[in-house]
Amino acid sequence: MVDRKILLLGSGFVAAPCVEYLVRKPENKVTIASRRLENAQALSKQFPGTVAVSCDIQDEKAIEKLVAEHDVSISLIPYIYHALVIKAAIKHKKNVVTTSYVSPSMMEHDQAAKDAGITVMNEIGLDPGIDHLYAVKTIEEVHKDGGKLKEFISFCGGLPAPEDSNNPFGYKFSWSARGVLLALKNTARYLEKGKVVEVSGTALMDSAKKLNTGYPGFAFVGYGNRDSTGYDKRYNIPEAETIIRGTMRYDGFCQFVKALVILGFLSEEEEAHLSANGEEITWSQVIAKTVGNDNVSTEALKDAIIKKCDLDNNDQKDQILDGMRWLGFFSDTKVTRRGSLLDTLCATLEEKMQYGKNERDLVFLQHRFEIELKDGSRQTRTSTLVEYGKVGGYSAMAKTVGVPCGIATQLILDGKLTATGVIAPMSSEINNPIIELLEQEGIGMVERIL
């Protein structure tokens, strides 16, 4: 039995399920590389057949040496560094797997990867990843039967389980609070009834709509996520009149965030009174400055917020104000000053919105397909994934990102995934073997005809 050498760059929270899948085969030897050696060691201790090393991703020579010593590299580091790994892999004719979207800088290496005869497999986590697998599956089935896909609508959310959505956002952070909030400033583009719709970041929360998922126990809303317009080509559905890929949250999230946006809490501008070197300041004083008030009494601040955020006729006024009280806005609690309103808010969110020891997360992903069948009749299909994290085990997010990544890596090692170049799971030849193994792990989307 010949050893297979696997390099894992990054030891974050999605890494463990990926490593766990790979080390089931004793011939798989995994090197876990992290900037901080203790992080790699902590992960390595959990799994036989693994070793930990320290590596600075900005050290090109060190990265190249590691890539050259392994058969395949899994890159779970920030996406801006993937091109560096791909470049080294091309030079030494080694394969690469990432869970990230293919960026222009990664795609620049497509021809060189083909020439080197290597596979650079990307977008194989949850979203992107599992979403692609089942979207392409249904689309190819419809086309094979002579049908047309008229609408493709897909929403995904990584959320707390309902019983743990116990804060005004109905949300908890398993990664950077700043990253989550800044994503709300991205412009969304999608195709609706044949027209391209563009929603600026400032209007994103207003664009959210209640989702009819067929699961009435969940109260979800959805809003567009970045640019969906290229999926007519990526999914081979030029006939589609509506293509929307979006983010899913619990109802109430968007109204609460909108109020925070109006108050300026997504601003990255430095404020003198929030300087780390400045004088201590309470939340009520910060809010008074934000709304232009001298009076820091709770009632005065509430009245100013109601006026500024136009909450008088908002049926969620009390919920929004309760949420602000929960954050401490009307209190004498000293804020953790981080320079800007955004970063000062993030300090409080990071403190109050982590997952507790006995709490679990939920991943909910649903595609909705409106189909015109060969005979001209219409049909609606859905594909739905509902996955809960396990208390004391893996989170749903870690599992649904890490396991598909591990499966794709194994298929490359076994010579069953052989397409070359910088690729993503966009065809049944690549996807079907992954789906088969994914469902053996108890992960899969439930398909229904409504």
# chains A, B, ... in the order shown; residues from 1 in each chain; ligands from 1
>>> closest_atom_pairs(of="segment 192-305 of chain A", to="segment 150-158 of chain A", cutoff="8 Å", atoms="only C-alpha atoms", output="JSON lines")
{"residue": "A:Gly222", "atom": "CA", "partner": "A:Phe155", "partner_atom": "CA", "distance": 6.7}
{"residue": "A:Glu239", "atom": "CA", "partner": "A:Lys150", "partner_atom": "CA", "distance": 6.4}
{"residue": "A:Ala240", "atom": "CA", "partner": "A:Lys150", "partner_atom": "CA", "distance": 4.3}
{"residue": "A:Glu241", "atom": "CA", "partner": "A:Lys150", "partner_atom": "CA", "distance": 5.6}
{"residue": "A:Thr242", "atom": "CA", "partner": "A:Glu151", "partner_atom": "CA", "distance": 4.6}
{"residue": "A:Ile243", "atom": "CA", "partner": "A:Phe152", "partner_atom": "CA", "distance": 4.9}
{"residue": "A:Ile244", "atom": "CA", "partner": "A:Ile153", "partner_atom": "CA", "distance": 4.8}
{"residue": "A:Arg245", "atom": "CA", "partner": "A:Ser154", "partner_atom": "CA", "distance": 4.7}
{"residue": "A:Gly246", "atom": "CA", "partner": "A:Phe155", "partner_atom": "CA", "distance": 4.7}
{"residue": "A:Thr247", "atom": "CA", "partner": "A:Cys156", "partner_atom": "CA", "distance": 5.3}
{"residue": "A:Met248", "atom": "CA", "partner": "A:Gly157", "partner_atom": "CA", "distance": 4.5}
{"residue": "A:Arg249", "atom": "CA", "partner": "A:Gly157", "partner_atom": "CA", "distance": 6.2}
>>> residues_around(residues="segment 166-168 of chain A", least_positions_apart="6", cutoff="10 Å", atoms="only C-alpha atoms", output="list of chain:residue names")
A:Pro160, A:Gly252, A:Phe253, A:Phe256, A:Val257, A:Gln319, A:Ile320, A:Leu321, A:Asp322, A:Gly323, A:Met324, A:Arg325, A:Trp326, A:Leu327, A:Lys352, A:Met353
>>> atom_distance(atom1="atom CA of Ala16 of chain A", atom2="atom CA of Cys405 of chain A")
11.1 Å
>>> residues_around(residues="Glu350 of chain A", least_positions_apart="4", cutoff="9 Å", atoms="only C-alpha atoms", output="ChimeraX atom specification")
/A:172-173,176-177,345-346,354
>>> residues_around(residues="segment 419-422 of chain A", least_positions_apart="2", cutoff="12 Å", atoms="only C-alpha atoms", output="count of residues only")
49
>>> closest_residue(among="A:Leu43, A:Val14, A:Ala300, A:Val446", to="Thr99 of chain A", atoms="only C-alpha atoms")
A:Val14
>>> select_by_dssp(residues="segment 223-345 of chain A", states="alpha helix (DSSP H)", output="PyMOL selection string")
chain A and resi 231-234+253-262+283-291+298-308+317-327+341-345
>>> residues_around(residues="segment 132-138 of chain A", least_positions_apart="3", cutoff="8 Å", atoms="only C-alpha atoms", output="ChimeraX atom specification")
/A:127-129,141-142,235,367,383,425-428,431-432,435,445
>>> write_last_selection(atoms="N, CA and C atoms", output="compact mmCIF listing (two decimals), in the first residue's frame")
# COMPACT_ATOMS: atom_id res chain seq x y z
N ASP A 127 -21.76 26.15 0.22
CA ASP A 127 -22.24 27.20 -0.67
C ASP A 127 -21.09 28.16 -0.88
N PRO A 128 -20.25 27.93 -1.89
CA PRO A 128 -20.45 27.04 -3.03
C PRO A 128 -20.04 25.58 -2.73
N GLY A 129 -20.74 24.66 -3.38
CA GLY A 129 -20.39 23.25 -3.26
C GLY A 129 -21.62 22.38 -3.40
N GLU A 141 -31.13 16.84 -15.60
CA GLU A 141 -32.28 15.93 -15.74
C GLU A 141 -33.39 16.57 -16.57
N VAL A 142 -33.66 17.85 -16.28
CA VAL A 142 -34.72 18.58 -17.01
C VAL A 142 -34.38 18.67 -18.49
N TYR A 235 -24.47 27.37 -15.14
CA TYR A 235 -25.39 26.23 -14.99
C TYR A 235 -26.01 25.80 -16.33
N HIS A 367 -33.13 24.96 -3.14
CA HIS A 367 -33.30 25.38 -4.53
C HIS A 367 -34.77 25.25 -4.88
N SER A 383 -35.20 21.29 -4.01
CA SER A 383 -34.15 20.47 -3.38
C SER A 383 -33.82 21.15 -2.07
N PRO A 425 -17.55 22.25 -9.58
CA PRO A 425 -18.47 21.13 -9.85
C PRO A 425 -19.67 21.55 -10.69
N MET A 426 -19.48 21.54 -12.00
CA MET A 426 -20.51 22.06 -12.92
C MET A 426 -20.98 21.02 -13.94
N SER A 427 -20.62 19.74 -13.74
CA SER A 427 -21.10 18.71 -14.68
C SER A 427 -21.34 17.41 -13.93
N SER A 428 -22.23 16.58 -14.45
CA SER A 428 -22.58 15.33 -13.77
C SER A 428 -21.38 14.38 -13.69
N ASN A 431 -19.75 15.64 -10.65
CA ASN A 431 -20.63 15.75 -9.47
C ASN A 431 -21.20 14.43 -8.96
N ASN A 432 -21.59 13.54 -9.87
CA ASN A 432 -22.30 12.33 -9.44
C ASN A 432 -21.50 11.46 -8.46
N ILE A 435 -21.71 13.25 -5.10
CA ILE A 435 -23.04 13.11 -4.50
C ILE A 435 -23.20 11.73 -3.86
N MET A 445 -29.40 16.58 -0.36
CA MET A 445 -30.59 17.40 -0.50
C MET A 445 -31.78 16.51 -0.84
>>> closest_residue(among="A:Gln255, A:Ser11, A:Ser73, A:Ser44", to="Thr409 of chain A", atoms="only C-alpha atoms")
A:Ser73
